[in-house]
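A.B. asks: One structure is given below, represented as structure tokens, and several questions about it will come after.
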Amino acid sequence: MTDKSEMTYARYLALDTLLSAQKPRSDYDDEMLFIIIHQTKELWLKQTIRELHLAKRQIRQDALVPAYKALARVSRIQAVMTLSWDVLSTMTPSDYTRFREVLGPSSGFQSDQFRTVEYLLGLKDKSFLKYQDDRPEAQAAMQEALEAPSVWDDVIAALARKGFAMPDALLERDFGSTYQPHSEVEDAFLSVYRDTEKYWELYQLAEKLVDLDDAMATWRHKHVLTVERIIGGKMGTGGTAGVPYLQSTLPKRAFPELWSLRTQL
């Protein structure tokens with residue numbers, strides 16, 4: 001361990017390691033931008049996963065107010081990630097075409113950390129596990145997040161502890177399966193929204209979750225626009241359908257009842 005008196009900015013941040021991690025496979029300047037954008041995204045996803053685990057622990061302990069901070073931070077991180085698409089969109093279709101072939105079958109579709117975030121939020125699809133067959137530790141982290149209760153599952157359990165009637169089948173379900181909206185959850189949050197003073201902590205928690213879902217939807221929308229701007233209707237790398245696939249993800253909501261209840265208010 002380095003003595004405190006010998007600590008420097010570069011050592012503390014491991015800058016030599018960090019700044020040597022960009023290894024373009026072509027001589028085109030835009031490839032460096034492409035790499036840095038995506039590496040930065042992965043760093044923010046790492047922090048997002050940490051914040052979501054913290055929020056989950058706090059919600060399970062009924063420390064709802066402290067959980068606001070971690071959830072709000074995730075929303076802010078998502079906003080920064082969304083802005084990064086504006087930087088990437090300075091790369092024209094001609095720029096990207098020059099080096100695209102060096103990507104081979106690699107694709108952001110394969111990001112284990114992004115899928116782990118989705119799993120933690122409750123958007124679960126085990127088909128993405130296969131993309132980490134060559135990375136057992138990453139696959140194990142995904143598997144753990146897939147099988148564990150999501151943030152939304154933890155919130156539903158918190159509702160039950162607060163006295164709201166939640167069916168056992170919902171509280172003890174297969175957490176690795178896709179969540180389906182329940183009328184009991186919507187009814188409980190309708191009560192919260194109709195008496196915000198009585199249920200202030202739950203009300204504010206719900207709004208923090210809507211902020212998060214909103215920020216994720218905004219990120220997805222900007223992602224679609226950026227990809228369409230750069231590759232149009234071409235196939236995506238890694239064998240994905242490109243823009244059509246990304247467009248199919250736009251309706252995804254991690255906390256569906258918080259959106260549907262608004263029609264009932």
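Note on naming: chains are A, B, ... as they come in the structure tokens, residues start from 1 per chain, ligands start from 1 in the order shown.
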Quick one: everything within 10 Å of segment 195-204 of chain A, counting only C-alpha atoms, minus sequence neighbours fewer than 3 positions away in the same chain. Send it as a ChimeraX atom specification.
C.D. replies: /A:62-65,68,155,158-159,162,189-192,207-210
A.B. asks: Find the residues around Ala21 of chain A up to 12 Å (only C-alpha atoms counted), leave out those fewer than 3 positions away in its own chain, and share them as number ranges by chain.
C.D. replies: A: 14-18, 24, 32, 35-36, 38-40
A.B. asks: Extract the full set of helix (DSSP H, G or I) residues from segment 6-248 of chain A according to DSSP on the backbone, and format it as a ChimeraX atom specification.
C.D. replies: /A:6,9-12,15-19,29-60,64-88,93-103,108-110,112-121,126-132,136-147,151-161,168-171,183-194,200-231,237-239,243-248
A.B. asks: State, in Å with one decimal place, the distance from atom CA of Pro167 of chain A to atom CA of Ile49 of chain A.
C.D. replies: 28.9 Å
A.B. asks: Counting only C-alpha atoms, which of A:Val227, A:Thr240, A:Ala70, A:Ala141 gets nearest to Ser89 of chain A?
C.D. replies: A:Val227
A.B. asks: Closest to Phe34 of chain A among A:Glu172, A:Pro66, A:Trp85, A:Ala55, using only C-alpha atoms?
C.D. replies: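 So, comparing all the options, the nearest one is A:Trp85.
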A.B. asks: Could you list, as a list in words, every residue within 8 Å of segment 143-147 of chain A, counting only C-alpha atoms and ignoring same-chain residues fewer than 6 positions away?
C.D. replies: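 Near segment 143-147 of chain A, the qualifying residues are Thr116, Tyr119, Leu120, Lys124, Asp125, Lys126, Leu129, Asp174, Phe175 and Gly176 of chain A.
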A.B. asks: Nearest residue to Tyr96 of chain A out of A:Leu258, A:Ala72, A:Leu123, A:Ile230, using only C-alpha atoms?
C.D. replies: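 Going through A:Leu258, A:Ala72, A:Leu123, A:Ile230 one by one, the smallest distance to Tyr96 of chain A is for A:Ile230.
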